[in-house]
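Visitor: run32.txt is reproduced in full below (compact mmCIF, N, CA and C atoms).
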```
# COMPACT_ATOMS: atom_id res chain seq x y z
N MET A 285 0.85 -1.17 0.00
CA MET A 285 0.00 0.00 0.00
C MET A 285 0.89 1.24 0.00
N PRO A 286 1.28 1.73 -1.16
CA PRO A 286 2.07 2.96 -1.20
C PRO A 286 1.21 4.16 -0.78
N GLU A 287 1.77 4.97 0.08
CA GLU A 287 1.02 6.13 0.55
C GLU A 287 1.85 7.39 0.36
N ILE A 288 1.15 8.52 0.39
CA ILE A 288 1.80 9.80 0.21
C ILE A 288 1.24 10.79 1.22
N LYS A 289 2.13 11.62 1.76
CA LYS A 289 1.70 12.65 2.71
C LYS A 289 1.09 13.79 1.90
N THR A 290 -0.19 14.03 2.12
CA THR A 290 -0.89 15.05 1.34
C THR A 290 -1.08 16.35 2.10
N ILE A 291 -1.03 16.28 3.43
CA ILE A 291 -1.19 17.49 4.25
C ILE A 291 -0.11 17.51 5.31
N ASP A 292 0.56 18.63 5.41
CA ASP A 292 1.59 18.84 6.43
C ASP A 292 1.53 20.32 6.79
N GLU A 293 0.69 20.64 7.79
CA GLU A 293 0.42 22.03 8.13
C GLU A 293 0.66 22.30 9.61
N THR A 294 1.16 23.49 9.88
CA THR A 294 1.25 24.00 11.25
C THR A 294 0.72 25.42 11.23
N HIS A 295 -0.25 25.70 12.08
CA HIS A 295 -0.83 27.04 12.19
C HIS A 295 -0.58 27.57 13.60
N THR A 296 -0.01 28.76 13.67
CA THR A 296 0.23 29.39 14.96
C THR A 296 -1.02 30.16 15.36
N ILE A 297 -1.42 29.99 16.61
CA ILE A 297 -2.60 30.66 17.14
C ILE A 297 -2.12 31.83 17.99
N SER A 298 -2.64 32.99 17.75
CA SER A 298 -2.23 34.17 18.50
C SER A 298 -2.61 34.04 19.98
N ASP A 299 -1.91 34.77 20.83
CA ASP A 299 -2.22 34.76 22.25
C ASP A 299 -3.68 35.16 22.49
N ARG A 300 -4.15 36.11 21.73
CA ARG A 300 -5.52 36.60 21.89
C ARG A 300 -6.56 35.53 21.57
N ARG A 301 -6.21 34.62 20.66
CA ARG A 301 -7.16 33.58 20.24
C ARG A 301 -6.94 32.25 20.94
N GLY A 302 -6.02 32.20 21.91
CA GLY A 302 -5.84 30.96 22.68
C GLY A 302 -4.43 30.45 22.77
N ASN A 303 -3.53 30.99 21.93
CA ASN A 303 -2.12 30.62 21.99
C ASN A 303 -1.88 29.18 21.52
N GLY A 304 -0.68 28.88 21.16
CA GLY A 304 -0.29 27.53 20.78
C GLY A 304 -0.22 27.34 19.28
N LYS A 305 -0.25 26.07 18.88
CA LYS A 305 -0.16 25.68 17.47
C LYS A 305 -1.12 24.55 17.19
N LEU A 306 -1.61 24.54 15.97
CA LEU A 306 -2.38 23.41 15.46
C LEU A 306 -1.51 22.69 14.45
N ARG A 307 -1.39 21.39 14.61
CA ARG A 307 -0.56 20.58 13.72
C ARG A 307 -1.46 19.56 13.04
N ARG A 308 -1.32 19.44 11.71
CA ARG A 308 -2.16 18.52 10.94
C ARG A 308 -1.30 17.82 9.90
N GLU A 309 -1.26 16.48 9.99
CA GLU A 309 -0.54 15.66 9.03
C GLU A 309 -1.48 14.54 8.57
N VAL A 310 -1.52 14.33 7.26
CA VAL A 310 -2.41 13.30 6.71
C VAL A 310 -1.70 12.59 5.56
N TRP A 311 -1.77 11.26 5.58
CA TRP A 311 -1.24 10.42 4.51
C TRP A 311 -2.40 9.68 3.87
N VAL A 312 -2.34 9.51 2.56
CA VAL A 312 -3.40 8.77 1.86
C VAL A 312 -2.79 7.67 0.99
N ASP A 313 -3.59 6.66 0.75
CA ASP A 313 -3.22 5.58 -0.16
C ASP A 313 -3.23 6.14 -1.58
N LYS A 314 -2.14 5.98 -2.30
CA LYS A 314 -2.04 6.53 -3.65
C LYS A 314 -3.09 5.97 -4.60
N ALA A 315 -3.43 4.72 -4.44
CA ALA A 315 -4.37 4.06 -5.35
C ALA A 315 -5.82 4.44 -5.07
N THR A 316 -6.19 4.50 -3.80
CA THR A 316 -7.60 4.70 -3.45
C THR A 316 -7.93 6.12 -3.00
N GLY A 317 -6.92 6.87 -2.56
CA GLY A 317 -7.16 8.22 -2.03
C GLY A 317 -7.70 8.22 -0.62
N ARG A 318 -7.77 7.06 0.01
CA ARG A 318 -8.28 6.96 1.39
C ARG A 318 -7.19 7.30 2.39
N VAL A 319 -7.58 7.93 3.48
CA VAL A 319 -6.64 8.29 4.54
C VAL A 319 -6.14 7.02 5.21
N THR A 320 -4.81 6.88 5.27
CA THR A 320 -4.21 5.72 5.92
C THR A 320 -3.59 6.06 7.26
N ARG A 321 -3.06 7.27 7.38
CA ARG A 321 -2.45 7.72 8.64
C ARG A 321 -2.80 9.19 8.85
N TYR A 322 -2.84 9.59 10.13
CA TYR A 322 -3.11 10.98 10.44
C TYR A 322 -2.54 11.33 11.81
N ASN A 323 -2.29 12.62 11.98
CA ASN A 323 -1.84 13.17 13.25
C ASN A 323 -2.42 14.58 13.34
N LEU A 324 -3.31 14.78 14.30
CA LEU A 324 -3.92 16.08 14.54
C LEU A 324 -3.57 16.47 15.97
N ALA A 325 -3.02 17.67 16.16
CA ALA A 325 -2.60 18.04 17.52
C ALA A 325 -2.76 19.53 17.78
N TYR A 326 -3.19 19.82 18.99
CA TYR A 326 -3.17 21.19 19.52
C TYR A 326 -2.03 21.21 20.53
N ILE A 327 -1.03 22.03 20.26
CA ILE A 327 0.18 22.11 21.08
C ILE A 327 0.22 23.47 21.77
N ASN A 328 0.34 23.44 23.09
CA ASN A 328 0.41 24.68 23.85
C ASN A 328 1.19 24.40 25.13
N HIS A 329 2.46 24.77 25.13
CA HIS A 329 3.34 24.50 26.26
C HIS A 329 2.92 25.25 27.52
N LYS A 330 2.15 26.33 27.37
CA LYS A 330 1.67 27.08 28.54
C LYS A 330 0.57 26.31 29.27
N LEU A 331 -0.20 25.51 28.54
CA LEU A 331 -1.26 24.72 29.17
C LEU A 331 -0.78 23.37 29.67
N PHE A 332 0.20 22.78 28.94
CA PHE A 332 0.67 21.45 29.31
C PHE A 332 2.09 21.26 28.81
N ALA A 333 2.99 20.96 29.72
CA ALA A 333 4.41 20.82 29.36
C ALA A 333 4.75 19.39 28.94
N GLY A 334 3.98 18.41 29.35
CA GLY A 334 4.26 17.02 29.00
C GLY A 334 3.90 16.72 27.55
N ASP A 335 4.25 15.54 27.08
CA ASP A 335 3.89 15.06 25.75
C ASP A 335 4.27 16.08 24.67
N ASN A 336 5.43 16.71 24.85
CA ASN A 336 5.93 17.74 23.92
C ASN A 336 4.94 18.88 23.72
N GLY A 337 4.18 19.19 24.75
CA GLY A 337 3.23 20.30 24.69
C GLY A 337 1.90 19.96 24.05
N ARG A 338 1.72 18.69 23.67
CA ARG A 338 0.46 18.30 23.04
C ARG A 338 -0.64 18.25 24.09
N VAL A 339 -1.54 19.20 24.00
CA VAL A 339 -2.65 19.29 24.94
C VAL A 339 -3.72 18.26 24.56
N VAL A 340 -4.08 18.28 23.30
CA VAL A 340 -5.04 17.31 22.79
C VAL A 340 -4.62 16.92 21.37
N GLY A 341 -4.82 15.66 21.04
CA GLY A 341 -4.47 15.20 19.71
C GLY A 341 -5.10 13.86 19.40
N TYR A 342 -5.21 13.60 18.12
CA TYR A 342 -5.73 12.32 17.64
C TYR A 342 -4.74 11.79 16.61
N ASP A 343 -4.46 10.50 16.66
CA ASP A 343 -3.62 9.88 15.64
C ASP A 343 -3.85 8.38 15.63
N ASN A 344 -3.26 7.75 14.63
CA ASN A 344 -3.33 6.29 14.53
C ASN A 344 -1.93 5.72 14.31
N ALA A 345 -0.94 6.37 14.91
CA ALA A 345 0.46 5.99 14.69
C ALA A 345 0.84 4.66 15.32
N HIS A 346 0.36 4.37 16.49
CA HIS A 346 0.74 3.13 17.19
C HIS A 346 -0.47 2.62 17.97
N ASP A 347 -0.66 1.36 17.95
CA ASP A 347 -1.75 0.72 18.70
C ASP A 347 -3.13 1.24 18.31
N GLY A 348 -3.36 1.54 17.06
CA GLY A 348 -4.69 1.91 16.60
C GLY A 348 -5.03 3.38 16.78
N HIS A 349 -6.30 3.69 16.61
CA HIS A 349 -6.80 5.06 16.70
C HIS A 349 -6.91 5.45 18.17
N HIS A 350 -6.39 6.63 18.51
CA HIS A 350 -6.43 7.04 19.90
C HIS A 350 -6.37 8.56 20.04
N ARG A 351 -6.71 9.00 21.25
CA ARG A 351 -6.74 10.42 21.59
C ARG A 351 -5.75 10.67 22.72
N HIS A 352 -5.01 11.76 22.60
CA HIS A 352 -4.14 12.24 23.67
C HIS A 352 -4.84 13.43 24.30
N TYR A 353 -4.90 13.47 25.63
CA TYR A 353 -5.54 14.59 26.32
C TYR A 353 -4.77 14.83 27.61
N PHE A 354 -3.98 15.91 27.62
CA PHE A 354 -3.14 16.25 28.78
C PHE A 354 -2.34 15.05 29.25
N GLY A 355 -1.73 14.33 28.32
CA GLY A 355 -0.84 13.22 28.65
C GLY A 355 -1.50 11.86 28.79
N VAL A 356 -2.81 11.82 28.83
CA VAL A 356 -3.52 10.55 28.94
C VAL A 356 -3.89 10.09 27.53
N VAL A 357 -3.58 8.84 27.22
CA VAL A 357 -3.87 8.28 25.89
C VAL A 357 -4.99 7.26 26.05
N GLU A 358 -6.03 7.43 25.23
CA GLU A 358 -7.17 6.50 25.30
C GLU A 358 -7.61 6.13 23.89
N PRO A 359 -8.01 4.89 23.68
CA PRO A 359 -8.48 4.48 22.36
C PRO A 359 -9.79 5.20 22.00
N VAL A 360 -9.99 5.44 20.72
CA VAL A 360 -11.24 6.02 20.24
C VAL A 360 -11.82 5.12 19.16
N GLU A 361 -13.12 5.13 19.08
CA GLU A 361 -13.79 4.37 18.02
C GLU A 361 -13.62 5.15 16.72
N PHE A 362 -13.12 4.47 15.71
CA PHE A 362 -12.91 5.11 14.41
C PHE A 362 -14.12 4.88 13.53
N VAL A 363 -14.76 5.98 13.13
CA VAL A 363 -15.88 5.93 12.20
C VAL A 363 -15.38 6.35 10.82
N SER A 364 -14.71 7.50 10.80
CA SER A 364 -14.12 8.02 9.56
C SER A 364 -13.10 9.09 9.94
N PHE A 365 -12.23 9.42 9.02
CA PHE A 365 -11.26 10.48 9.29
C PHE A 365 -11.98 11.81 9.50
N GLU A 366 -13.04 12.05 8.74
CA GLU A 366 -13.80 13.29 8.90
C GLU A 366 -14.40 13.40 10.30
N ASP A 367 -14.85 12.29 10.84
CA ASP A 367 -15.39 12.26 12.20
C ASP A 367 -14.29 12.60 13.22
N VAL A 368 -13.11 12.04 13.02
CA VAL A 368 -11.98 12.32 13.91
C VAL A 368 -11.62 13.80 13.85
N GLU A 369 -11.57 14.36 12.65
CA GLU A 369 -11.28 15.80 12.51
C GLU A 369 -12.30 16.64 13.26
N GLU A 370 -13.55 16.27 13.17
CA GLU A 370 -14.62 17.01 13.84
C GLU A 370 -14.46 16.94 15.36
N ARG A 371 -14.17 15.76 15.88
CA ARG A 371 -13.96 15.60 17.33
C ARG A 371 -12.76 16.42 17.80
N PHE A 372 -11.68 16.38 17.00
CA PHE A 372 -10.49 17.15 17.34
C PHE A 372 -10.82 18.64 17.40
N GLU A 373 -11.52 19.14 16.41
CA GLU A 373 -11.88 20.55 16.37
C GLU A 373 -12.73 20.94 17.59
N GLU A 374 -13.69 20.10 17.93
CA GLU A 374 -14.53 20.36 19.11
C GLU A 374 -13.68 20.42 20.38
N ASP A 375 -12.72 19.50 20.50
CA ASP A 375 -11.86 19.46 21.69
C ASP A 375 -11.02 20.72 21.83
N TRP A 376 -10.31 21.10 20.77
CA TRP A 376 -9.40 22.23 20.93
C TRP A 376 -10.16 23.55 21.04
N ILE A 377 -11.31 23.67 20.38
CA ILE A 377 -12.11 24.90 20.52
C ILE A 377 -12.66 24.99 21.93
N SER A 378 -13.06 23.87 22.49
CA SER A 378 -13.54 23.85 23.87
C SER A 378 -12.44 24.29 24.83
N LEU A 379 -11.23 23.83 24.62
CA LEU A 379 -10.10 24.24 25.47
C LEU A 379 -9.81 25.72 25.31
N ARG A 380 -9.85 26.20 24.10
CA ARG A 380 -9.60 27.62 23.83
C ARG A 380 -10.66 28.47 24.50
N SER A 381 -11.91 28.04 24.45
CA SER A 381 -13.01 28.80 25.02
C SER A 381 -12.97 28.83 26.54
N SER A 382 -12.36 27.82 27.16
CA SER A 382 -12.33 27.75 28.62
C SER A 382 -11.24 28.60 29.23
N LYS A 383 -10.37 29.19 28.41
CA LYS A 383 -9.28 30.04 28.91
C LYS A 383 -9.80 31.31 29.51
```
Show me, as structure tokens, the structure contained in the file I just sent.

Guide:
Amino acid sequence: MPEIKTIDETHTISDRRGNGKLRREVWVDKATGRVTRYNLAYINHKLFAGDNGRVVGYDNAHDGHHRHYFGVVEPVEFVSFEDVEERFEEDWISLRSSK
């Protein structure tokens, strides 16, 4: 299954909007165009120093699909990559709003 990295983005969030960075990496199968690997992360060293500053994130790098939240890793049910993106967005916006 040859795959290619199609998205490799880092967005800096201003202090006024919550501080930190959003990191998004996505790999797809060249033949089918389906997402094979992903890494979505909200990084903010001011909120959490552990896990390289990853406050919340979703990926499927090791041991299946899972969520990182302030250093705690828990499995998540995978429905679709779009569903994971939506959950990630809800998580980091919720954290930003609680500041």

Visitor: Range 298-310 of chain A: which residues within 7 Å, counting all atoms listed in the file, same-chain residues fewer than 2 positions away excluded, as JSON, numbers by chain?

Guide: {"A": [288, 289, 290, 291, 292, 293, 294, 295, 296, 312, 319, 320, 321, 322, 323, 324, 325, 326, 327, 328, 329, 380, 381]}

Visitor: How many Å lie between CA of Phe362 in chain A and CA of His350 in chain A, rounded to one decimal?

Guide: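 So the two atoms, CA of Phe362 in chain A and CA of His350 in chain A, lie 8.7 Å apart.
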
Visitor: Any idea what the distance is between CA of Val363 in chain A and atom C of Val340 in chain A?

Guide: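 Rounded to one decimal, the two atoms are 18.2 Å apart.
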
Visitor: In Å, rounded to a single decimal, give me how far atom C of Ile297 in chain A is from atom N of Leu331 in chain A.

Guide: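 Between these atoms lies a distance of 12.4 Å.
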
Visitor: Please return, as a list in words, all polymer residues that have at least one atom within 10 Å of the point (-7.7, 12.4, 25.3); use only C-alpha atoms and the file's own coordinate frame.

Guide: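 Within the cut-off we find Val339, Val340, Gly341, Tyr342, His350, Arg351, His352, Tyr353, Phe354, Gly355, Val356, Val357, Glu358, Pro359, Val360, Phe372 and Asp375 of chain A.
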
Visitor: With 5 Å of padding per side, what axis-aligned box (centre and edge lengths, Å, one decimal) covers all the listed atoms of range 360-370 of chain A? Give it as lines of an AutoDock Vina configuration file.

Guide:
```
center_x = -12.9
center_y = 10.7
center_z = 14.7
size_x = 15.9
size_y = 22.6
size_z = 22.0
```

Visitor: With DSSP run on the backbone, what are the strand (DSSP E) residues within range 290-370 of chain A? I'd like them as a ChimeraX atom specification.

Guide: /A:290-296,305-313,319-327,338-343,350-353,356-359

Visitor: DSSP on the backbone, alpha helix (DSSP H) only: what residues of chain A does that give? Format it as a list in words.

Guide: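 Answer for chain A, restricted to alpha helix (DSSP H): Phe365, Glu366, Asp367, Val368, Glu369, Glu370, Arg371, Phe372, Glu373, Glu374, Asp375, Trp376, Ile377, Ser378, Leu379, Arg380 and Ser381 of chain A.
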